[in-house]
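Asks: Structure provided below as structure tokens; questions to follow.
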Amino acid sequence: MIRYIINRLLLTIPVVIAVSVLVFLFIHLIPGDPVEMMLGETATIANVEEIRHMLGLDKPLGIQFLDFMKNLLKGDLGKSIVSRRPVMQIVLERYPATIKLTVASAIVALIISIPLGTLAAVKHYSWIDNLSMIFALLGVSMPNFWLGPLLIILFSLTLGWLPPSGYGGFKYIILPAITLGTAMSASLTRLVRSSMLEVLDQEYIKTARAKGLRERLVIYRHALRNALIPVITVFGMQIGSLLSGALITETIFSWPGVGRLFIESIFRRDFPLVQGCVLIIALTYVFVNFIVDITYGFINPKIRYE
Amino acid sequence: MALLEVKNLRVYFHTREGTVKAVDDVSFTLEKNETLCLVGESGCGKSVTALSIIGLISNPGKIESGQILFEGVDLVKLKKSELRKFRGTEISMIFQEPMTSLNPSLKVGFQIVELLLEHFNVSKTEAKNLAVEFLKKVKIPDAVGTYDKYPHQLSGGMRQRVMIAMALISKPSLLIADEPTTALDVTIQLQILELIRDLKNSLGTSVILITHDMGVVANLADKVAVMYAGKIVESGEVFEVFENPLHPYTVGLLGSIPKLDTPKNSRLISIPGNVPRLINPPKGCRFHERCSRKLEICEIAEPPEMTIGNSNHRIACWLYSDEFQGAVDTDERYGS
Ligand SMILES: Nc1ncnc2c1ncn2[C@@H]1O[C@H](COP(=O)(O)OP(=O)(O)O)[C@@H](O)[C@H]1O
Ligand SMILES: [Mg+2]
């Protein structure tokens with residue numbers, strides 16, 4: 001297992017490097033002169049030169065890259081053009097909010113999809129199975145920018161149960177987490193169901209029943225455990241869609257996370273800050289997938305012992 | 001009282017294409033300490049018969065009628081929860097595919113232990129000790145080490161030994177083995193069959209062994225029931241049936257006993273044609289399309305069941321209706 005973990009860890013290194021290179025190139029891939037775009041029509045020549053120098057854009061590309069990587073290793077992503085504060089500092093201030101929202105959404109997704117998908121498979125062709133499939137269809141086809149406002153209208157404006165937006169206690173996270181978690185729970189429900197159906201057909205389930213185990217043990221100990229193996233992989237990949245969904249959801253609910261920061265910085269053309277947001281989201285994604293791989297190894301002994 | 005009496009069992013699968021009459025009016029008896037071989041080509045309803053006994057027929061299958069008397073209790077009438085208490089304790093089953101019949105994500109030791117913890121009032125340590133003891137009984141070389149292994153770390157033969165240990169650990173009265181060696185190498189096959197026979201003798205378990213191999217029958221069985229297309233066409237003591245096979249299907253199966261040096265995947269059955277689909281089984285005798293001694297009546301009417309003389313040798317075939325006419329209505333003698 002230790003070897004497996006180290007292996008996975010080593011595999012993330014090239015990914016992290018590639019992500020850094022892409023983030024570095026980002027500013028050079030934008031068509032036109034980034035600095036002029038940042039400053040807009042009101043820019044003076046002096047201004048442009050100052051920013052260009054501040055960003056190091058007046059040096060050769062190779063040197064720029066080395067500087068970028070050197071600073072990155074020190075945790076220095078440059079300064080925001082708008083506020084002149086260090087990018088790293090701003091991003092890290094916003095990071096916990098995004099993590100909270102992502103985790104809450106993932107929890108919403110899991111507590112809906114695992115029981116619902118399992119039940120649908122166990123009661124194949126029943127009304128609950130049909131219901132779960134309708135939910136799955138609706139859930140994946142409802143975009144966040146539509147579901148979010150819908151929830152706000154229903155639960156905040158009409159019923160007055162929950163705050164429409166903002167950041168604070170548990171109450172504030174419910175609506176954004178449901179908005180963000182619904183699409184994921186819909187597709188996971190479908191996956192849990194089909195994976196369960198496949199596992200329930202396996203010989204070892206017959207063996208478990210032939211042993212006279214209670215049906216509950218047959219389902220949870222023997223079937224679900226194996227059915228979750230493919231689900232975990234997809235779950236990891238979908239964390240990516242949660243992180244990107246956070247852009248819209250955080251904006252709708254005025255949630256002060258990296259997603260909203262990202263949108264704000266794009267509108268303000270604060271490119272160092274945009275870089276910082278992209279980098280931290282990409283690294284989070286890489287980290288989550290590393291954790292998912294490890295979990296996968298724990299559940300699936302075939303991997304662990306290779 | 002017989003250990004197991006199956007009477008007029010009918011098990012149908014209600015599928016979209018139609019009703020599959022997988023088991024259609026099957027009766028047999030198994031005494032204590034006896035080994036009964038259920039033999040026939042694949043698709044004849046052997047597995048469905050076995051699964052009915054252990055109560056594992058599920059949608060779209062249904063036991064339509066009949067009785068399964070286990071020590072006098074009709075299992076067909078039991079509630080699910082009552083039936084569950086028989087499984088793994090009084091009646092155990094092992095399956096054909098050792099590669100897939102153990103859970104890949106649980107240690108094999110635990111898979112044995114959980115059975116004990118489910119049904120008996122034992123501590124975890126007692127259960128573990130018993131499991132290791134049984135892993136030794138099934139001649140697994142490193143029983144203690146194997147206890148902590150996952151199925152994929154064991155060979156097919158070893159896994160089947162684990163299955164046997166699991167099936168016998170509660171000292172059941174009845175072991176059902178559904179083609180337990182079909183998926184294994186020839187040399188391992190013999191070892192596993194010998195193991196089942198030895199443990200059966202030492203534990204006093206009765207065995208229903210399902211096979212399509214008459215060679216296995218000759219080696220292990222006391223009684224044999226030959227199944228064709230959902231019906232038992234001939235049954236009796238092994239020596240009687242082997243010495244005097246009457247049904248053309250039995251004769252065909254006996255002509256196909258493989259030698260040990262037969263290549264593994266060669267076609268063992270020498271009877272031309274295939275088992276018919278059981279949605280619309282042939283009229284009359286279900287075997288008539290493949291029978292070399294077919295009479296006119298075979299296509300029209302189902303053959304009567306007859307008992308040969310004073311023995312347990314029974315047959316359902318028109319060829320013998322004159323010879324054993326008197327026996328047609330002596331059905332009640334069977335099993336007494
Ligand atoms: N779950 C099922 N659904 C539909 N038909 C089935 C099912 N299980 C078995 N059958 C049918 O029942 C018949 C007997 O099958 P089986 O008992 O498995 O044969 P055997 O064990 O003798 O090879 C076959 O025709 C098979 O197609
Ligand atoms: Mg079978």
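Residue names in the structure tokens use chain letters A, B, ... in the order shown, residue numbers from 1 in each chain, and ligand numbers from 1 in the order shown.
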Go through chain B and flag each residue having an atom no more than 8 Å from ligand 2; for those, report the closest pair of atoms plus their distance in Å to one decimal, using only C-alpha atoms and all ligand atoms, ordered by chain and rising number, as CSV.

Replies:
```
residue,atom,partner,partner_atom_place_in_ligand_line,distance
B:Ser42,CA,ligand 2,1 (Mg),6.1
B:Gly43,CA,ligand 2,1 (Mg),6.8
B:Gly45,CA,ligand 2,1 (Mg),7.1
B:Lys46,CA,ligand 2,1 (Mg),5.6
B:Ser47,CA,ligand 2,1 (Mg),4.2
B:Val48,CA,ligand 2,1 (Mg),7.3
B:Gln96,CA,ligand 2,1 (Mg),7.7
B:Asp178,CA,ligand 2,1 (Mg),6.6
B:Glu179,CA,ligand 2,1 (Mg),7.0
B:Ile210,CA,ligand 2,1 (Mg),7.8
```

Asks: Next, dump the selected residues to file, keeping only N, CA and C atoms, as a PDB file, in the first residue's frame.

Replies:
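Okay, this is what ended up in again-v7.pdb:
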```
ATOM      1  N   SER B  42     -26.371 -28.988 -20.162  1.00  0.00           N
ATOM      2  CA  SER B  42     -26.645 -27.668 -19.599  1.00  0.00           C
ATOM      3  C   SER B  42     -27.939 -27.117 -20.173  1.00  0.00           C
ATOM      4  N   GLY B  43     -28.701 -26.426 -19.326  1.00  0.00           N
ATOM      5  CA  GLY B  43     -29.997 -25.898 -19.729  1.00  0.00           C
ATOM      6  C   GLY B  43     -31.159 -26.826 -19.433  1.00  0.00           C
ATOM      7  N   GLY B  45     -32.288 -27.550 -16.372  1.00  0.00           N
ATOM      8  CA  GLY B  45     -33.018 -27.183 -15.156  1.00  0.00           C
ATOM      9  C   GLY B  45     -32.381 -27.681 -13.872  1.00  0.00           C
ATOM     10  N   LYS B  46     -31.133 -28.128 -13.938  1.00  0.00           N
ATOM     11  CA  LYS B  46     -30.472 -28.650 -12.735  1.00  0.00           C
ATOM     12  C   LYS B  46     -30.234 -27.547 -11.710  1.00  0.00           C
ATOM     13  N   SER B  47     -29.655 -26.451 -12.182  1.00  0.00           N
ATOM     14  CA  SER B  47     -29.366 -25.359 -11.240  1.00  0.00           C
ATOM     15  C   SER B  47     -30.643 -24.779 -10.656  1.00  0.00           C
ATOM     16  N   VAL B  48     -31.653 -24.648 -11.482  1.00  0.00           N
ATOM     17  CA  VAL B  48     -32.916 -24.085 -10.994  1.00  0.00           C
ATOM     18  C   VAL B  48     -33.504 -24.995  -9.918  1.00  0.00           C
ATOM     19  N   GLN B  96     -20.598 -23.240  -9.289  1.00  0.00           N
ATOM     20  CA  GLN B  96     -19.724 -23.706 -10.357  1.00  0.00           C
ATOM     21  C   GLN B  96     -18.443 -22.892 -10.499  1.00  0.00           C
ATOM     22  N   ASP B 178     -23.261 -27.456  -7.073  1.00  0.00           N
ATOM     23  CA  ASP B 178     -23.696 -27.263  -8.460  1.00  0.00           C
ATOM     24  C   ASP B 178     -22.479 -27.209  -9.379  1.00  0.00           C
ATOM     25  N   GLU B 179     -22.212 -28.320 -10.026  1.00  0.00           N
ATOM     26  CA  GLU B 179     -21.055 -28.437 -10.921  1.00  0.00           C
ATOM     27  C   GLU B 179     -19.791 -27.856 -10.284  1.00  0.00           C
ATOM     28  N   ILE B 210     -24.569 -31.819  -8.634  1.00  0.00           N
ATOM     29  CA  ILE B 210     -25.038 -31.562  -9.996  1.00  0.00           C
ATOM     30  C   ILE B 210     -23.861 -31.666 -10.944  1.00  0.00           C
TER      31      ILE B 210
END
```

Asks: If we count only C-alpha atoms and set the cut-off at 12 Å, which residues sit around B:Asn280, ignoring sequence neighbours fewer than 5 positions away in its own chain? Please answer as a VMD selection string.

Replies: chain B and resid 17 to 22 229 to 230 275 286

Asks: Of the candidates A:Asp201, A:Asp76, A:Asp129, A:Glu250, which shows the shortest atom-to-atom distance to ligand 1, using only C-alpha atoms and all ligand atoms?

Replies: A:Asp201

Asks: For a test of reading the model, state the distance in Å between atom CA of A:Phe262 and atom CA of A:Val278, rounded to one decimal.

Replies: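 A separation of 7.8 Å between them.
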
Asks: Skip stretch 102-111 of chain A itself and residues of its chain fewer than 6 positions away, then list as a list in words all residues within 10 Å of it, counting only C-alpha atoms.

Replies: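 Using only C-alpha atoms, the neighbours found are Pro96, Ile173, Ile174, Leu175, Pro176, Ala177, Ile178, Thr179, Leu180, Gly181, Thr182, Ala183, Met184, Ser185, Ala186, Ser187, Leu188, Thr189, Phe235, Gln238, Ile239, Gly240, Leu242, Leu243, Gly245 and Ala246 of chain A.
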
Asks: What residues in chain B have any atom no more than 10 Å from chain A when counting only C-alpha atoms, and can you write them as a PyMOL selection string?

Replies: chain B and resi 51+54-56+81+83-89+91-107+111-112+114-119+149-153+163+166-167

Asks: Considering only C-alpha atoms, return as number ranges by chain whatever protein or nucleic-acid residues lie within 12 Å of stretch 289-299 of chain B, sequence-local ones (same chain, fewer than 2 positions apart) excluded.

Replies: B: 228-229, 246-252, 270-276, 281-287, 301-304, 316-321

Asks: Can I get the selection written as a tab-separated table (two decimals), in the first residue's frame, with N, CA, C and O atoms?

Replies:
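What follows is the written file again.tsv:
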```tsv
chain	number	residue	atom	x	y	z
B	228	TYR	N	-33.84	-33.99	-18.18
B	228	TYR	CA	-33.84	-33.49	-19.55
B	228	TYR	C	-34.96	-32.47	-19.72
B	228	TYR	O	-36.13	-32.77	-19.47
B	229	ALA	N	-34.61	-31.28	-20.16
B	229	ALA	CA	-35.57	-30.22	-20.48
B	229	ALA	C	-36.62	-30.04	-19.39
B	229	ALA	O	-37.82	-30.01	-19.66
B	246	LEU	N	-32.17	-47.34	-19.39
B	246	LEU	CA	-33.31	-47.60	-20.25
B	246	LEU	C	-33.63	-46.43	-21.17
B	246	LEU	O	-33.86	-46.60	-22.35
B	247	HIS	N	-33.63	-45.24	-20.63
B	247	HIS	CA	-34.01	-44.09	-21.45
B	247	HIS	C	-32.93	-43.80	-22.49
B	247	HIS	O	-31.75	-43.78	-22.16
B	248	PRO	N	-33.33	-43.59	-23.73
B	248	PRO	CA	-32.32	-43.33	-24.77
B	248	PRO	C	-31.41	-42.15	-24.41
B	248	PRO	O	-30.24	-42.13	-24.80
B	249	TYR	N	-31.92	-41.18	-23.64
B	249	TYR	CA	-31.09	-40.05	-23.24
B	249	TYR	C	-30.00	-40.50	-22.27
B	249	TYR	O	-28.83	-40.12	-22.40
B	250	THR	N	-30.37	-41.34	-21.32
B	250	THR	CA	-29.39	-41.88	-20.38
B	250	THR	C	-28.33	-42.68	-21.13
B	250	THR	O	-27.13	-42.55	-20.86
B	251	VAL	N	-28.80	-43.48	-22.05
B	251	VAL	CA	-27.88	-44.29	-22.84
B	251	VAL	C	-26.88	-43.38	-23.56
B	251	VAL	O	-25.68	-43.62	-23.57
B	252	GLY	N	-27.41	-42.30	-24.12
B	252	GLY	CA	-26.56	-41.34	-24.81
B	252	GLY	C	-25.54	-40.72	-23.87
B	252	GLY	O	-24.35	-40.63	-24.19
B	270	SER	N	-22.45	-36.97	-26.81
B	270	SER	CA	-22.43	-37.51	-28.17
B	270	SER	C	-23.82	-37.56	-28.80
B	270	SER	O	-23.98	-38.01	-29.91
B	271	ILE	N	-24.84	-37.06	-28.07
B	271	ILE	CA	-26.18	-37.07	-28.63
B	271	ILE	C	-26.31	-35.90	-29.59
B	271	ILE	O	-25.99	-34.77	-29.21
B	272	PRO	N	-26.77	-36.13	-30.82
B	272	PRO	CA	-26.89	-35.01	-31.75
B	272	PRO	C	-27.98	-34.04	-31.31
B	272	PRO	O	-28.92	-34.42	-30.61
B	273	GLY	N	-27.84	-32.78	-31.70
B	273	GLY	CA	-28.87	-31.78	-31.38
B	273	GLY	C	-28.62	-31.10	-30.05
B	273	GLY	O	-27.61	-31.35	-29.39
B	274	ASN	N	-29.54	-30.22	-29.68
B	274	ASN	CA	-29.39	-29.45	-28.45
B	274	ASN	C	-30.62	-29.55	-27.57
B	274	ASN	O	-31.69	-29.94	-28.04
B	275	VAL	N	-30.43	-29.17	-26.30
B	275	VAL	CA	-31.58	-29.10	-25.40
B	275	VAL	C	-32.54	-28.04	-25.94
B	275	VAL	O	-32.11	-26.95	-26.29
B	276	PRO	N	-33.83	-28.36	-26.05
B	276	PRO	CA	-34.77	-27.38	-26.61
B	276	PRO	C	-34.96	-26.20	-25.66
B	276	PRO	O	-34.71	-26.31	-24.47
B	281	PRO	N	-41.53	-26.00	-25.08
B	281	PRO	CA	-40.89	-27.31	-25.18
B	281	PRO	C	-41.67	-28.18	-26.17
B	281	PRO	O	-42.87	-27.97	-26.37
B	282	PRO	N	-40.96	-29.15	-26.79
B	282	PRO	CA	-41.64	-30.01	-27.77
B	282	PRO	C	-42.83	-30.73	-27.12
B	282	PRO	O	-42.80	-31.03	-25.93
B	283	LYS	N	-43.83	-30.97	-27.91
B	283	LYS	CA	-45.00	-31.72	-27.43
B	283	LYS	C	-44.61	-33.16	-27.15
B	283	LYS	O	-43.60	-33.65	-27.64
B	284	GLY	N	-45.43	-33.85	-26.40
B	284	GLY	CA	-45.17	-35.24	-26.13
B	284	GLY	C	-43.93	-35.40	-25.29
B	284	GLY	O	-43.73	-34.66	-24.33
B	285	CYS	N	-43.10	-36.36	-25.65
B	285	CYS	CA	-41.83	-36.53	-24.94
B	285	CYS	C	-40.90	-35.42	-25.39
B	285	CYS	O	-40.70	-35.20	-26.58
B	286	ARG	N	-40.30	-34.69	-24.43
B	286	ARG	CA	-39.47	-33.54	-24.79
B	286	ARG	C	-38.18	-33.94	-25.51
B	286	ARG	O	-37.52	-33.11	-26.11
B	287	PHE	N	-37.87	-35.22	-25.44
B	287	PHE	CA	-36.61	-35.68	-26.05
B	287	PHE	C	-36.83	-36.19	-27.47
B	287	PHE	O	-35.86	-36.50	-28.17
B	301	ALA	N	-48.00	-37.60	-27.00
B	301	ALA	CA	-48.37	-37.63	-25.58
B	301	ALA	C	-47.13	-37.74	-24.70
B	301	ALA	O	-46.12	-38.34	-25.09
B	302	GLU	N	-47.20	-37.14	-23.52
B	302	GLU	CA	-46.10	-37.25	-22.56
B	302	GLU	C	-45.98	-38.69	-22.09
B	302	GLU	O	-47.00	-39.33	-21.80
B	303	PRO	N	-44.78	-39.19	-22.00
B	303	PRO	CA	-44.63	-40.58	-21.57
B	303	PRO	C	-45.02	-40.73	-20.10
B	303	PRO	O	-44.82	-39.81	-19.31
B	304	PRO	N	-45.59	-41.87	-19.74
B	304	PRO	CA	-45.94	-42.11	-18.33
B	304	PRO	C	-44.68	-42.42	-17.52
B	304	PRO	O	-43.68	-42.86	-18.06
B	316	ALA	N	-39.37	-42.51	-17.51
B	316	ALA	CA	-40.51	-41.93	-18.24
B	316	ALA	C	-40.20	-42.04	-19.72
B	316	ALA	O	-39.47	-41.22	-20.27
B	317	CYS	N	-40.68	-43.10	-20.34
B	317	CYS	CA	-40.37	-43.34	-21.75
B	317	CYS	C	-41.38	-44.31	-22.33
B	317	CYS	O	-41.70	-45.32	-21.73
B	318	TRP	N	-41.90	-43.97	-23.51
B	318	TRP	CA	-42.92	-44.81	-24.15
B	318	TRP	C	-42.39	-46.17	-24.55
B	318	TRP	O	-43.16	-47.13	-24.67
B	319	LEU	N	-41.11	-46.30	-24.78
B	319	LEU	CA	-40.55	-47.57	-25.25
B	319	LEU	C	-40.88	-48.72	-24.31
B	319	LEU	O	-40.95	-49.87	-24.70
B	320	TYR	N	-41.08	-48.37	-23.05
B	320	TYR	CA	-41.23	-49.43	-22.05
B	320	TYR	C	-42.65	-49.54	-21.52
B	320	TYR	O	-42.91	-50.20	-20.54
B	321	SER	N	-43.59	-48.86	-22.18
B	321	SER	CA	-44.93	-48.80	-21.60
B	321	SER	C	-45.62	-50.17	-21.62
B	321	SER	O	-46.44	-50.45	-20.77
```

Asks: So that I can check the secondary structure, give me every residue of stretch 61-268 of chain B assigned strand (DSSP E or B) by backbone DSSP, as a VMD selection string.

Replies: chain B and resid 61 to 70 73 to 74 87 91 to 94 174 to 178 206 to 211 223 to 228 231 to 237

Asks: Counting only C-alpha atoms, what is within 12 Å of B:Asn244, bar same-chain residues fewer than 6 positions away, as a short mmCIF file (atom, residue, chain, number, x, y, z; two decimals) with all heavy atoms, in the first residue's frame?

Replies:
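Generated file (around_35.cif):
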```cif
data_model
loop_
_atom_site.label_atom_id
_atom_site.label_comp_id
_atom_site.auth_asym_id
_atom_site.auth_seq_id
_atom_site.Cartn_x
_atom_site.Cartn_y
_atom_site.Cartn_z
N GLU B 234 -35.13 -40.35 -15.98
CA GLU B 234 -34.80 -41.66 -15.42
C GLU B 234 -34.10 -41.44 -14.10
O GLU B 234 -33.29 -40.51 -13.95
CB GLU B 234 -33.88 -42.44 -16.39
CG GLU B 234 -33.51 -43.83 -15.88
CD GLU B 234 -32.98 -44.75 -16.98
OE1 GLU B 234 -32.77 -44.27 -18.12
OE2 GLU B 234 -32.78 -45.94 -16.69
N SER B 235 -34.38 -42.30 -13.13
CA SER B 235 -33.70 -42.17 -11.85
C SER B 235 -33.61 -43.52 -11.17
O SER B 235 -34.35 -44.44 -11.51
CB SER B 235 -34.44 -41.18 -10.96
OG SER B 235 -35.72 -41.67 -10.64
N GLY B 236 -32.71 -43.62 -10.23
CA GLY B 236 -32.58 -44.89 -9.51
C GLY B 236 -31.23 -45.00 -8.85
O GLY B 236 -30.42 -44.05 -8.86
N GLU B 237 -30.98 -46.18 -8.25
CA GLU B 237 -29.67 -46.44 -7.67
C GLU B 237 -28.65 -46.43 -8.81
O GLU B 237 -28.93 -46.89 -9.91
CB GLU B 237 -29.64 -47.83 -7.00
CG GLU B 237 -30.76 -48.08 -6.01
CD GLU B 237 -30.66 -47.23 -4.75
OE1 GLU B 237 -29.51 -46.85 -4.39
OE2 GLU B 237 -31.69 -46.92 -4.13
N VAL B 238 -27.45 -45.92 -8.50
CA VAL B 238 -26.46 -45.78 -9.57
C VAL B 238 -26.16 -47.10 -10.27
O VAL B 238 -26.16 -47.19 -11.49
CB VAL B 238 -25.16 -45.18 -9.00
CG1 VAL B 238 -24.03 -45.36 -9.99
CG2 VAL B 238 -25.36 -43.73 -8.71
N THR B 250 -30.37 -41.34 -21.32
CA THR B 250 -29.39 -41.88 -20.38
C THR B 250 -28.33 -42.68 -21.13
O THR B 250 -27.13 -42.55 -20.86
CB THR B 250 -30.08 -42.79 -19.34
OG1 THR B 250 -31.25 -42.14 -18.87
CG2 THR B 250 -29.16 -43.08 -18.18
N VAL B 251 -28.80 -43.48 -22.05
CA VAL B 251 -27.88 -44.29 -22.84
C VAL B 251 -26.88 -43.38 -23.56
O VAL B 251 -25.68 -43.62 -23.57
CB VAL B 251 -28.64 -45.18 -23.85
CG1 VAL B 251 -27.68 -45.95 -24.74
CG2 VAL B 251 -29.57 -46.14 -23.11
N LEU B 254 -24.38 -41.94 -21.12
CA LEU B 254 -23.41 -42.95 -20.69
C LEU B 254 -22.39 -43.23 -21.78
O LEU B 254 -21.23 -43.53 -21.49
CB LEU B 254 -24.12 -44.24 -20.30
CG LEU B 254 -24.75 -44.21 -18.91
CD1 LEU B 254 -25.63 -45.43 -18.69
CD2 LEU B 254 -23.67 -44.13 -17.85
N ILE B 308 -39.57 -49.75 -12.29
CA ILE B 308 -39.14 -51.05 -12.79
C ILE B 308 -39.15 -52.05 -11.64
O ILE B 308 -38.38 -51.90 -10.68
CB ILE B 308 -37.71 -50.98 -13.35
CG1 ILE B 308 -37.50 -49.73 -14.20
CG2 ILE B 308 -37.35 -52.27 -14.07
CD1 ILE B 308 -38.27 -49.69 -15.47
N HIS B 313 -35.79 -47.86 -9.44
CA HIS B 313 -35.47 -47.48 -10.81
C HIS B 313 -36.74 -47.01 -11.50
O HIS B 313 -37.68 -47.77 -11.69
CB HIS B 313 -34.85 -48.68 -11.53
CG HIS B 313 -34.17 -48.31 -12.81
ND1 HIS B 313 -33.34 -49.18 -13.46
CD2 HIS B 313 -34.19 -47.19 -13.56
CE1 HIS B 313 -32.88 -48.60 -14.58
NE2 HIS B 313 -33.38 -47.38 -14.64
N ARG B 314 -36.74 -45.71 -11.86
CA ARG B 314 -37.95 -45.17 -12.50
C ARG B 314 -37.59 -44.59 -13.85
O ARG B 314 -36.48 -44.10 -14.07
CB ARG B 314 -38.56 -44.09 -11.63
CG ARG B 314 -39.26 -44.63 -10.40
CD ARG B 314 -39.51 -43.53 -9.41
NE ARG B 314 -40.46 -42.54 -9.93
CZ ARG B 314 -41.78 -42.67 -9.86
NH1 ARG B 314 -42.31 -43.74 -9.30
NH2 ARG B 314 -42.57 -41.74 -10.34
N ILE B 315 -38.56 -44.59 -14.74
CA ILE B 315 -38.29 -44.10 -16.08
C ILE B 315 -39.56 -43.51 -16.69
O ILE B 315 -40.67 -43.95 -16.37
CB ILE B 315 -37.74 -45.25 -16.97
CG1 ILE B 315 -37.52 -44.71 -18.39
CG2 ILE B 315 -38.66 -46.44 -16.99
CD1 ILE B 315 -36.68 -45.60 -19.22
#
```

Asks: I'd like the neighbourhood of A:Arg260 as a list in words, where a residue qualifies if any of its atoms comes within 6 Å (using only C-alpha atoms), though same-chain residues fewer than 2 positions away should be ignored.

Replies: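 Residues meeting the cut-off are Leu247, Glu250, Thr251, Gly257, Val258, Phe262 and Ile263 of chain A.
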
Asks: Grab the residues selected above and save them as a compact mmCIF listing (two decimals), in the first residue's frame with all heavy atoms.

Replies:
```txt
# COMPACT_ATOMS: atom_id res chain seq x y z
N LEU A 247 -17.86 28.63 -9.77
CA LEU A 247 -17.76 29.96 -10.35
C LEU A 247 -19.13 30.63 -10.40
O LEU A 247 -19.33 31.74 -9.93
CB LEU A 247 -17.21 29.90 -11.78
CG LEU A 247 -15.86 29.23 -12.00
CD1 LEU A 247 -15.42 29.43 -13.43
CD2 LEU A 247 -14.83 29.79 -11.03
N GLU A 250 -21.11 30.48 -6.72
CA GLU A 250 -20.61 31.48 -5.76
C GLU A 250 -21.05 32.87 -6.14
O GLU A 250 -21.34 33.71 -5.29
CB GLU A 250 -19.08 31.41 -5.68
CG GLU A 250 -18.59 30.16 -4.95
CD GLU A 250 -17.08 30.12 -4.76
OE1 GLU A 250 -16.39 31.04 -5.24
OE2 GLU A 250 -16.60 29.17 -4.14
N THR A 251 -21.10 33.11 -7.44
CA THR A 251 -21.54 34.43 -7.88
C THR A 251 -23.03 34.65 -7.58
O THR A 251 -23.41 35.70 -7.07
CB THR A 251 -21.27 34.60 -9.39
OG1 THR A 251 -19.90 34.28 -9.63
CG2 THR A 251 -21.54 36.01 -9.84
N GLY A 257 -15.87 32.99 -2.29
CA GLY A 257 -14.87 31.95 -2.53
C GLY A 257 -13.98 32.28 -3.70
O GLY A 257 -14.06 33.37 -4.29
N VAL A 258 -13.13 31.33 -4.06
CA VAL A 258 -12.19 31.52 -5.16
C VAL A 258 -12.94 31.66 -6.49
O VAL A 258 -12.51 32.40 -7.38
CB VAL A 258 -11.18 30.35 -5.22
CG1 VAL A 258 -10.21 30.53 -6.37
CG2 VAL A 258 -10.43 30.25 -3.91
N PHE A 262 -12.45 34.67 -8.97
CA PHE A 262 -12.02 34.43 -10.34
C PHE A 262 -12.84 35.27 -11.31
O PHE A 262 -12.30 35.96 -12.17
CB PHE A 262 -12.17 32.93 -10.64
CG PHE A 262 -11.80 32.52 -12.03
CD1 PHE A 262 -10.47 32.43 -12.41
CD2 PHE A 262 -12.79 32.20 -12.95
CE1 PHE A 262 -10.14 32.04 -13.70
CE2 PHE A 262 -12.46 31.81 -14.24
CZ PHE A 262 -11.13 31.74 -14.61
N ILE A 263 -14.16 35.22 -11.15
CA ILE A 263 -15.05 36.00 -12.03
C ILE A 263 -14.76 37.49 -11.87
O ILE A 263 -14.60 38.23 -12.86
CB ILE A 263 -16.53 35.71 -11.69
CG1 ILE A 263 -16.84 34.23 -11.84
CG2 ILE A 263 -17.46 36.59 -12.54
CD1 ILE A 263 -17.28 33.81 -13.20
```

Asks: Here is a test: counting only C-alpha atoms and all ligand atoms, which residue of B:Thr211, B:Ser170, B:Asn33, B:Asn8 is nearest to ligand 1?

Replies: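 Closest residue, counting only C-alpha atoms and all ligand atoms: B:Thr211.
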
Asks: To one decimal place in Å, what is the distance between atom CA of B:Lys80 and atom CA of B:Gly109?

Replies: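 Atom CA of B:Gly109 lies 27.1 Å from atom CA of B:Lys80.
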